[in-house]
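Just below is one structure, and these are the notes that go with it.
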Amino acid sequence: MGVGRLLRWRLKDWVVPLALAAILVVLHVALPDAAGLRYERDGILEGQFWRLLTGHLVHADAAHLAWNLLGVFIVWFLFAREFTATQWLWVLAASTLAIDLGFLLIERDLEWYVGFSGLLHGCMAAGLVAWLRTTRDPLTWLVALLFAAKLGWEHFMGGLPFTAGSLSLPVVHEAHSYGAIGGAIAGLWLGRAARGGAASL
């Protein structure tokens, strides 16, 4: 993929992350008590379907928000140019759907959840799919292996020590796994569409 590619920024590549960061900050400042917006299984089953979206946009506290904002800019620094703004929205939608279905159908004991980290893992997975589709150099494989190792660690060992210890709530690592699955599927689909001449999706 080439380090030089990472340094060739274009303003239009940063429309999505800047908009996301603004939304996350505004929601946190305007609604410090996010109980009405968080993913909450009982509320969703009673018809509060907005929680399926808003639960990913609100945070438990400032530290939680800060970690996710850092993640937004790291992910887009690495992968901003791999997809158009519209394609990134497809990635986010697929990741959201995968997490929500995973929570509702599999994680039935999970009562509530907040945070953007699951969607970040979806974006990371989609970006890695794009890298592996075009360039399979050692750096690309290293990043992909580190990402897979992180997901594996979380699945078997729980949250990474340096993140879990800095947050006031347990890390729901299942969100990361489901988000990565959704993002990878979206990345594969977008790559196939591009090869078929539908790159403007």
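Naming scheme: A, B, ... for chains in displayed order of the structure tokens; residues 1 onward per chain; ligands 1 onward as shown.
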Every residue of range 18-94 of chain A that DSSP places in helix (DSSP H, G or I), as a PDB file with N, CA and C atoms, in the first residue's frame:
ATOM      1  N   LEU A  18     -14.788  13.638  10.106  1.00  0.00           N
ATOM      2  CA  LEU A  18     -15.027  14.914  10.786  1.00  0.00           C
ATOM      3  C   LEU A  18     -16.496  15.056  11.171  1.00  0.00           C
ATOM      4  N   ALA A  19     -17.391  14.627  10.287  1.00  0.00           N
ATOM      5  CA  ALA A  19     -18.818  14.678  10.601  1.00  0.00           C
ATOM      6  C   ALA A  19     -19.144  13.737  11.757  1.00  0.00           C
ATOM      7  N   LEU A  20     -18.569  12.534  11.736  1.00  0.00           N
ATOM      8  CA  LEU A  20     -18.800  11.584  12.825  1.00  0.00           C
ATOM      9  C   LEU A  20     -18.287  12.121  14.153  1.00  0.00           C
ATOM     10  N   ALA A  21     -17.081  12.672  14.139  1.00  0.00           N
ATOM     11  CA  ALA A  21     -16.511  13.220  15.368  1.00  0.00           C
ATOM     12  C   ALA A  21     -17.397  14.329  15.924  1.00  0.00           C
ATOM     13  N   ALA A  22     -17.898  15.184  15.037  1.00  0.00           N
ATOM     14  CA  ALA A  22     -18.766  16.274  15.481  1.00  0.00           C
ATOM     15  C   ALA A  22     -20.047  15.735  16.098  1.00  0.00           C
ATOM     16  N   ILE A  23     -20.639  14.721  15.465  1.00  0.00           N
ATOM     17  CA  ILE A  23     -21.872  14.128  15.999  1.00  0.00           C
ATOM     18  C   ILE A  23     -21.630  13.512  17.368  1.00  0.00           C
ATOM     19  N   LEU A  24     -20.539  12.772  17.511  1.00  0.00           N
ATOM     20  CA  LEU A  24     -20.245  12.118  18.788  1.00  0.00           C
ATOM     21  C   LEU A  24     -20.033  13.135  19.903  1.00  0.00           C
ATOM     22  N   VAL A  25     -19.310  14.215  19.602  1.00  0.00           N
ATOM     23  CA  VAL A  25     -19.025  15.232  20.612  1.00  0.00           C
ATOM     24  C   VAL A  25     -20.303  15.983  20.984  1.00  0.00           C
ATOM     25  N   VAL A  26     -21.076  16.380  19.987  1.00  0.00           N
ATOM     26  CA  VAL A  26     -22.309  17.144  20.252  1.00  0.00           C
ATOM     27  C   VAL A  26     -23.276  16.316  21.094  1.00  0.00           C
ATOM     28  N   LEU A  27     -23.440  15.044  20.742  1.00  0.00           N
ATOM     29  CA  LEU A  27     -24.348  14.201  21.522  1.00  0.00           C
ATOM     30  C   LEU A  27     -23.872  14.052  22.957  1.00  0.00           C
ATOM     31  N   HIS A  28     -22.557  13.915  23.140  1.00  0.00           N
ATOM     32  CA  HIS A  28     -22.038  13.737  24.504  1.00  0.00           C
ATOM     33  C   HIS A  28     -22.220  15.005  25.335  1.00  0.00           C
ATOM     34  N   VAL A  29     -21.990  16.151  24.715  1.00  0.00           N
ATOM     35  CA  VAL A  29     -22.125  17.418  25.451  1.00  0.00           C
ATOM     36  C   VAL A  29     -23.594  17.741  25.704  1.00  0.00           C
ATOM     37  N   ALA A  30     -24.431  17.532  24.692  1.00  0.00           N
ATOM     38  CA  ALA A  30     -25.843  17.910  24.810  1.00  0.00           C
ATOM     39  C   ALA A  30     -26.631  16.929  25.665  1.00  0.00           C
ATOM     40  N   ARG A  41     -31.799  -3.650  25.270  1.00  0.00           N
ATOM     41  CA  ARG A  41     -32.558  -4.765  24.690  1.00  0.00           C
ATOM     42  C   ARG A  41     -34.054  -4.670  24.979  1.00  0.00           C
ATOM     43  N   ASP A  42     -34.415  -4.451  26.221  1.00  0.00           N
ATOM     44  CA  ASP A  42     -35.833  -4.415  26.567  1.00  0.00           C
ATOM     45  C   ASP A  42     -36.548  -3.290  25.837  1.00  0.00           C
ATOM     46  N   GLY A  43     -35.916  -2.126  25.768  1.00  0.00           N
ATOM     47  CA  GLY A  43     -36.533  -1.002  25.071  1.00  0.00           C
ATOM     48  C   GLY A  43     -36.740  -1.287  23.593  1.00  0.00           C
ATOM     49  N   ILE A  44     -35.759  -1.900  22.958  1.00  0.00           N
ATOM     50  CA  ILE A  44     -35.871  -2.219  21.526  1.00  0.00           C
ATOM     51  C   ILE A  44     -37.000  -3.213  21.296  1.00  0.00           C
ATOM     52  N   LEU A  45     -37.097  -4.225  22.139  1.00  0.00           N
ATOM     53  CA  LEU A  45     -38.158  -5.215  21.986  1.00  0.00           C
ATOM     54  C   LEU A  45     -39.533  -4.606  22.224  1.00  0.00           C
ATOM     55  N   ARG A  51     -32.850   3.064  19.213  1.00  0.00           N
ATOM     56  CA  ARG A  51     -31.704   2.637  20.019  1.00  0.00           C
ATOM     57  C   ARG A  51     -30.731   1.766  19.217  1.00  0.00           C
ATOM     58  N   LEU A  52     -31.208   1.118  18.169  1.00  0.00           N
ATOM     59  CA  LEU A  52     -30.342   0.298  17.327  1.00  0.00           C
ATOM     60  C   LEU A  52     -29.286   1.141  16.631  1.00  0.00           C
ATOM     61  N   LEU A  53     -29.577   2.416  16.413  1.00  0.00           N
ATOM     62  CA  LEU A  53     -28.613   3.334  15.809  1.00  0.00           C
ATOM     63  C   LEU A  53     -27.923   4.193  16.857  1.00  0.00           C
ATOM     64  N   THR A  54     -28.720   4.820  17.716  1.00  0.00           N
ATOM     65  CA  THR A  54     -28.144   5.804  18.642  1.00  0.00           C
ATOM     66  C   THR A  54     -27.248   5.177  19.695  1.00  0.00           C
ATOM     67  N   ALA A  62     -16.366  10.835  29.309  1.00  0.00           N
ATOM     68  CA  ALA A  62     -15.445  11.554  28.431  1.00  0.00           C
ATOM     69  C   ALA A  62     -14.275  10.674  27.984  1.00  0.00           C
ATOM     70  N   ALA A  63     -13.788   9.801  28.892  1.00  0.00           N
ATOM     71  CA  ALA A  63     -12.671   8.924  28.529  1.00  0.00           C
ATOM     72  C   ALA A  63     -13.080   7.948  27.429  1.00  0.00           C
ATOM     73  N   HIS A  64     -14.278   7.410  27.555  1.00  0.00           N
ATOM     74  CA  HIS A  64     -14.815   6.496  26.549  1.00  0.00           C
ATOM     75  C   HIS A  64     -14.911   7.207  25.192  1.00  0.00           C
ATOM     76  N   LEU A  65     -15.441   8.412  25.203  1.00  0.00           N
ATOM     77  CA  LEU A  65     -15.546   9.205  23.977  1.00  0.00           C
ATOM     78  C   LEU A  65     -14.169   9.497  23.394  1.00  0.00           C
ATOM     79  N   ALA A  66     -13.221   9.869  24.245  1.00  0.00           N
ATOM     80  CA  ALA A  66     -11.885  10.223  23.763  1.00  0.00           C
ATOM     81  C   ALA A  66     -11.208   9.045  23.064  1.00  0.00           C
ATOM     82  N   TRP A  67     -11.326   7.855  23.633  1.00  0.00           N
ATOM     83  CA  TRP A  67     -10.743   6.671  23.003  1.00  0.00           C
ATOM     84  C   TRP A  67     -11.346   6.447  21.618  1.00  0.00           C
ATOM     85  N   ASN A  68     -12.653   6.619  21.500  1.00  0.00           N
ATOM     86  CA  ASN A  68     -13.293   6.380  20.212  1.00  0.00           C
ATOM     87  C   ASN A  68     -12.974   7.470  19.205  1.00  0.00           C
ATOM     88  N   LEU A  69     -12.840   8.708  19.658  1.00  0.00           N
ATOM     89  CA  LEU A  69     -12.433   9.780  18.740  1.00  0.00           C
ATOM     90  C   LEU A  69     -11.025   9.524  18.216  1.00  0.00           C
ATOM     91  N   LEU A  70     -10.143   9.090  19.105  1.00  0.00           N
ATOM     92  CA  LEU A  70      -8.789   8.734  18.661  1.00  0.00           C
ATOM     93  C   LEU A  70      -8.856   7.624  17.616  1.00  0.00           C
ATOM     94  N   GLY A  71      -9.697   6.646  17.870  1.00  0.00           N
ATOM     95  CA  GLY A  71      -9.856   5.553  16.922  1.00  0.00           C
ATOM     96  C   GLY A  71     -10.366   6.004  15.574  1.00  0.00           C
ATOM     97  N   VAL A  72     -11.313   6.942  15.567  1.00  0.00           N
ATOM     98  CA  VAL A  72     -11.840   7.474  14.299  1.00  0.00           C
ATOM     99  C   VAL A  72     -10.711   8.031  13.446  1.00  0.00           C
ATOM    100  N   PHE A  73      -9.859   8.841  14.040  1.00  0.00           N
ATOM    101  CA  PHE A  73      -8.815   9.498  13.248  1.00  0.00           C
ATOM    102  C   PHE A  73      -7.697   8.533  12.860  1.00  0.00           C
ATOM    103  N   ILE A  74      -7.413   7.547  13.681  1.00  0.00           N
ATOM    104  CA  ILE A  74      -6.415   6.540  13.300  1.00  0.00           C
ATOM    105  C   ILE A  74      -6.923   5.712  12.125  1.00  0.00           C
ATOM    106  N   VAL A  75      -8.166   5.257  12.204  1.00  0.00           N
ATOM    107  CA  VAL A  75      -8.723   4.430  11.134  1.00  0.00           C
ATOM    108  C   VAL A  75      -8.776   5.207   9.825  1.00  0.00           C
ATOM    109  N   TRP A  76      -9.192   6.472   9.900  1.00  0.00           N
ATOM    110  CA  TRP A  76      -9.285   7.224   8.649  1.00  0.00           C
ATOM    111  C   TRP A  76      -7.917   7.659   8.138  1.00  0.00           C
ATOM    112  N   PHE A  77      -6.954   7.848   9.018  1.00  0.00           N
ATOM    113  CA  PHE A  77      -5.598   8.117   8.552  1.00  0.00           C
ATOM    114  C   PHE A  77      -5.087   6.945   7.721  1.00  0.00           C
ATOM    115  N   LEU A  78      -5.405   5.729   8.166  1.00  0.00           N
ATOM    116  CA  LEU A  78      -4.949   4.544   7.457  1.00  0.00           C
ATOM    117  C   LEU A  78      -5.746   4.272   6.184  1.00  0.00           C
ATOM    118  N   PHE A  79      -7.054   4.465   6.242  1.00  0.00           N
ATOM    119  CA  PHE A  79      -7.905   3.914   5.186  1.00  0.00           C
ATOM    120  C   PHE A  79      -8.783   4.922   4.453  1.00  0.00           C
ATOM    121  N   ALA A  80      -8.637   6.206   4.719  1.00  0.00           N
ATOM    122  CA  ALA A  80      -9.564   7.197   4.172  1.00  0.00           C
ATOM    123  C   ALA A  80      -9.756   7.078   2.672  1.00  0.00           C
ATOM    124  N   ARG A  81      -8.693   6.810   1.933  1.00  0.00           N
ATOM    125  CA  ARG A  81      -8.766   6.849   0.481  1.00  0.00           C
ATOM    126  C   ARG A  81      -9.234   5.543  -0.140  1.00  0.00           C
ATOM    127  N   GLU A  82      -9.531   4.556   0.673  1.00  0.00           N
ATOM    128  CA  GLU A  82      -9.936   3.266   0.119  1.00  0.00           C
ATOM    129  C   GLU A  82     -11.372   3.269  -0.395  1.00  0.00           C
ATOM    130  N   ALA A  85     -16.988   8.679   0.271  1.00  0.00           N
ATOM    131  CA  ALA A  85     -17.813   8.976   1.447  1.00  0.00           C
ATOM    132  C   ALA A  85     -19.071   8.115   1.462  1.00  0.00           C
ATOM    133  N   THR A  86     -19.705   7.960   0.302  1.00  0.00           N
ATOM    134  CA  THR A  86     -20.913   7.138   0.229  1.00  0.00           C
ATOM    135  C   THR A  86     -20.610   5.686   0.567  1.00  0.00           C
ATOM    136  N   GLN A  87     -19.492   5.181   0.072  1.00  0.00           N
ATOM    137  CA  GLN A  87     -19.118   3.804   0.377  1.00  0.00           C
ATOM    138  C   GLN A  87     -18.829   3.612   1.857  1.00  0.00           C
ATOM    139  N   TRP A  88     -18.204   4.618   2.482  1.00  0.00           N
ATOM    140  CA  TRP A  88     -17.975   4.513   3.920  1.00  0.00           C
ATOM    141  C   TRP A  88     -19.301   4.443   4.686  1.00  0.00           C
ATOM    142  N   LEU A  89     -20.311   5.137   4.206  1.00  0.00           N
ATOM    143  CA  LEU A  89     -21.625   5.064   4.862  1.00  0.00           C
ATOM    144  C   LEU A  89     -22.208   3.661   4.740  1.00  0.00           C
ATOM    145  N   TRP A  90     -21.967   3.010   3.599  1.00  0.00           N
ATOM    146  CA  TRP A  90     -22.384   1.615   3.461  1.00  0.00           C
ATOM    147  C   TRP A  90     -21.652   0.727   4.463  1.00  0.00           C
ATOM    148  N   VAL A  91     -20.375   0.961   4.643  1.00  0.00           N
ATOM    149  CA  VAL A  91     -19.594   0.188   5.618  1.00  0.00           C
ATOM    150  C   VAL A  91     -20.168   0.378   7.025  1.00  0.00           C
ATOM    151  N   LEU A  92     -20.447   1.619   7.377  1.00  0.00           N
ATOM    152  CA  LEU A  92     -21.010   1.901   8.699  1.00  0.00           C
ATOM    153  C   LEU A  92     -22.371   1.243   8.868  1.00  0.00           C
ATOM    154  N   ALA A  93     -23.191   1.286   7.807  1.00  0.00           N
ATOM    155  CA  ALA A  93     -24.516   0.670   7.885  1.00  0.00           C
ATOM    156  C   ALA A  93     -24.409  -0.840   8.059  1.00  0.00           C
ATOM    157  N   ALA A  94     -23.505  -1.475   7.303  1.00  0.00           N
ATOM    158  CA  ALA A  94     -23.344  -2.924   7.408  1.00  0.00           C
ATOM    159  C   ALA A  94     -22.819  -3.315   8.787  1.00  0.00           C
TER     160      ALA A  94
END
Contact residues around range 124-131 of chain A with only C-alpha atoms at 10 Å, ignoring same-chain residues under 2 positions, as a VMD selection string: chain A and resid 1 71 to 72 74 to 76 78 to 83 88 91 to 92 95 118 to 122 133 to 137 140 to 141 143 to 144 147 to 148 177 179 to 191
Please produce a file of the residues just selected, as a short mmCIF file (atom, residue, chain, number, x, y, z; two decimals), in the first residue's frame, where the atoms kept are N, CA and C atoms.
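Just written: out-v6.cif:
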data_model
loop_
_atom_site.label_atom_id
_atom_site.label_comp_id
_atom_site.auth_asym_id
_atom_site.auth_seq_id
_atom_site.Cartn_x
_atom_site.Cartn_y
_atom_site.Cartn_z
N MET A 1 0.82 -1.21 0.00
CA MET A 1 0.00 0.00 0.00
C MET A 1 0.85 1.26 0.00
N GLY A 71 -9.70 6.65 17.87
CA GLY A 71 -9.86 5.55 16.92
C GLY A 71 -10.37 6.00 15.57
N VAL A 72 -11.31 6.94 15.57
CA VAL A 72 -11.84 7.47 14.30
C VAL A 72 -10.71 8.03 13.45
N ILE A 74 -7.41 7.55 13.68
CA ILE A 74 -6.41 6.54 13.30
C ILE A 74 -6.92 5.71 12.13
N VAL A 75 -8.17 5.26 12.20
CA VAL A 75 -8.72 4.43 11.13
C VAL A 75 -8.78 5.21 9.83
N TRP A 76 -9.19 6.47 9.90
CA TRP A 76 -9.28 7.22 8.65
C TRP A 76 -7.92 7.66 8.14
N LEU A 78 -5.41 5.73 8.17
CA LEU A 78 -4.95 4.54 7.46
C LEU A 78 -5.75 4.27 6.18
N PHE A 79 -7.05 4.46 6.24
CA PHE A 79 -7.90 3.91 5.19
C PHE A 79 -8.78 4.92 4.45
N ALA A 80 -8.64 6.21 4.72
CA ALA A 80 -9.56 7.20 4.17
C ALA A 80 -9.76 7.08 2.67
N ARG A 81 -8.69 6.81 1.93
CA ARG A 81 -8.77 6.85 0.48
C ARG A 81 -9.23 5.54 -0.14
N GLU A 82 -9.53 4.56 0.67
CA GLU A 82 -9.94 3.27 0.12
C GLU A 82 -11.37 3.27 -0.40
N PHE A 83 -12.21 4.16 0.15
CA PHE A 83 -13.61 4.21 -0.26
C PHE A 83 -14.06 5.67 -0.38
N TRP A 88 -18.20 4.62 2.48
CA TRP A 88 -17.98 4.51 3.92
C TRP A 88 -19.30 4.44 4.69
N VAL A 91 -20.37 0.96 4.64
CA VAL A 91 -19.59 0.19 5.62
C VAL A 91 -20.17 0.38 7.03
N LEU A 92 -20.45 1.62 7.38
CA LEU A 92 -21.01 1.90 8.70
C LEU A 92 -22.37 1.24 8.87
N SER A 95 -21.89 -2.53 9.32
CA SER A 95 -21.34 -2.81 10.65
C SER A 95 -22.41 -2.65 11.72
N GLY A 118 -17.43 -0.63 18.08
CA GLY A 118 -17.83 -1.71 17.19
C GLY A 118 -17.82 -1.26 15.74
N LEU A 119 -18.31 -0.05 15.49
CA LEU A 119 -18.31 0.48 14.12
C LEU A 119 -16.90 0.77 13.66
N LEU A 120 -16.03 1.21 14.56
CA LEU A 120 -14.63 1.43 14.20
C LEU A 120 -13.98 0.13 13.72
N HIS A 121 -14.28 -0.96 14.39
CA HIS A 121 -13.72 -2.25 13.97
C HIS A 121 -14.29 -2.65 12.61
N GLY A 122 -15.52 -2.29 12.34
CA GLY A 122 -16.07 -2.54 11.02
C GLY A 122 -15.36 -1.77 9.94
N ARG A 133 -6.97 -6.50 -1.17
CA ARG A 133 -7.43 -6.68 -2.54
C ARG A 133 -6.46 -6.07 -3.55
N THR A 134 -5.76 -5.02 -3.13
CA THR A 134 -4.90 -4.30 -4.08
C THR A 134 -3.41 -4.50 -3.84
N THR A 135 -3.02 -4.65 -2.58
CA THR A 135 -1.59 -4.76 -2.25
C THR A 135 -1.41 -5.72 -1.09
N ARG A 136 -0.57 -6.71 -1.28
CA ARG A 136 -0.34 -7.69 -0.21
C ARG A 136 1.13 -7.67 0.19
N ASP A 137 1.60 -6.48 0.54
CA ASP A 137 2.99 -6.35 0.96
C ASP A 137 3.12 -6.69 2.44
N THR A 140 1.04 -4.55 4.95
CA THR A 140 -0.39 -4.85 4.89
C THR A 140 -0.70 -6.11 5.69
N TRP A 141 0.08 -7.16 5.47
CA TRP A 141 -0.14 -8.40 6.19
C TRP A 141 0.09 -8.23 7.69
N VAL A 143 -0.39 -5.46 9.53
CA VAL A 143 -1.54 -4.78 10.12
C VAL A 143 -2.74 -5.72 10.21
N ALA A 144 -2.96 -6.52 9.17
CA ALA A 144 -4.07 -7.46 9.17
C ALA A 144 -3.91 -8.50 10.28
N PHE A 147 -4.55 -6.93 13.69
CA PHE A 147 -5.99 -6.73 13.88
C PHE A 147 -6.67 -8.05 14.26
N ALA A 148 -6.33 -9.12 13.54
CA ALA A 148 -6.89 -10.43 13.85
C ALA A 148 -6.47 -10.88 15.25
N SER A 177 -16.17 -7.82 17.33
CA SER A 177 -16.21 -8.98 16.42
C SER A 177 -17.33 -8.85 15.40
N GLY A 179 -18.90 -6.12 14.49
CA GLY A 179 -18.63 -4.98 13.62
C GLY A 179 -17.62 -5.34 12.55
N ALA A 180 -16.57 -6.08 12.94
CA ALA A 180 -15.56 -6.49 11.97
C ALA A 180 -16.15 -7.39 10.89
N ILE A 181 -17.05 -8.28 11.28
CA ILE A 181 -17.70 -9.15 10.30
C ILE A 181 -18.51 -8.32 9.31
N GLY A 182 -19.31 -7.39 9.84
CA GLY A 182 -20.11 -6.54 8.96
C GLY A 182 -19.25 -5.69 8.04
N GLY A 183 -18.18 -5.12 8.59
CA GLY A 183 -17.30 -4.29 7.78
C GLY A 183 -16.59 -5.09 6.70
N ALA A 184 -16.14 -6.31 7.05
CA ALA A 184 -15.47 -7.16 6.06
C ALA A 184 -16.41 -7.53 4.92
N ILE A 185 -17.65 -7.86 5.26
CA ILE A 185 -18.63 -8.19 4.22
C ILE A 185 -18.87 -6.99 3.32
N ALA A 186 -19.00 -5.80 3.92
CA ALA A 186 -19.20 -4.59 3.12
C ALA A 186 -18.00 -4.33 2.23
N GLY A 187 -16.78 -4.50 2.78
CA GLY A 187 -15.59 -4.28 1.98
C GLY A 187 -15.50 -5.23 0.80
N LEU A 188 -15.85 -6.50 1.03
CA LEU A 188 -15.85 -7.47 -0.07
C LEU A 188 -16.89 -7.12 -1.12
N TRP A 189 -18.07 -6.72 -0.67
CA TRP A 189 -19.15 -6.36 -1.60
C TRP A 189 -18.78 -5.13 -2.42
N LEU A 190 -18.22 -4.12 -1.76
CA LEU A 190 -17.84 -2.91 -2.48
C LEU A 190 -16.72 -3.19 -3.47
N GLY A 191 -15.79 -4.06 -3.10
CA GLY A 191 -14.73 -4.43 -4.02
C GLY A 191 -15.27 -5.16 -5.23
#
Give me, as a list in words, the residues of range 22-171 of chain A that a backbone DSSP run labels strand (DSSP E).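 Listing strand (DSSP E) positions across range 22-171 of chain A yields Tyr39, Glu40, Trp112 and Tyr113 of chain A.
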Within 9 Å of Leu110 in chain A, counting only C-alpha atoms, which residues show up once you throw out same-chain ones fewer than 5 positions away? Write them as a list in words, please.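 So the residues in contact are Glu40, Arg41, Phe103 and Leu104 of chain A.
For the atom pair formed by CA of Val172 in chain A and CA of Asp13 in chain A, the distance is 29.5 Å, given to one decimal.
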If we count only C-alpha atoms and set the cut-off at 12 Å, which residues sit around Met157 in chain A, ignoring sequence neighbours fewer than 6 positions away in its own chain? Please answer as a CSV table (one decimal) with N, CA and C atoms, in the first residue's frame.
chain,number,residue,atom,x,y,z
A,149,ALA,N,-5.2,-10.6,15.6
A,149,ALA,CA,-4.7,-11.0,16.9
A,149,ALA,C,-5.5,-10.2,18.0
A,150,LYS,N,-5.8,-9.0,17.8
A,150,LYS,CA,-6.5,-8.2,18.8
A,150,LYS,C,-7.9,-8.8,19.0
A,151,LEU,N,-8.6,-9.1,17.9
A,151,LEU,CA,-9.9,-9.7,18.0
A,151,LEU,C,-9.9,-11.0,18.7
A,164,ALA,N,-9.1,-1.5,28.7
A,164,ALA,CA,-10.0,-1.9,29.8
A,164,ALA,C,-9.8,-1.2,31.1
A,171,VAL,N,-15.6,-3.6,28.6
A,171,VAL,CA,-15.5,-3.6,27.1
A,171,VAL,C,-16.4,-4.7,26.6
A,173,HIS,N,-16.5,-6.8,24.0
A,173,HIS,CA,-15.7,-7.1,22.8
A,173,HIS,C,-16.5,-7.8,21.7
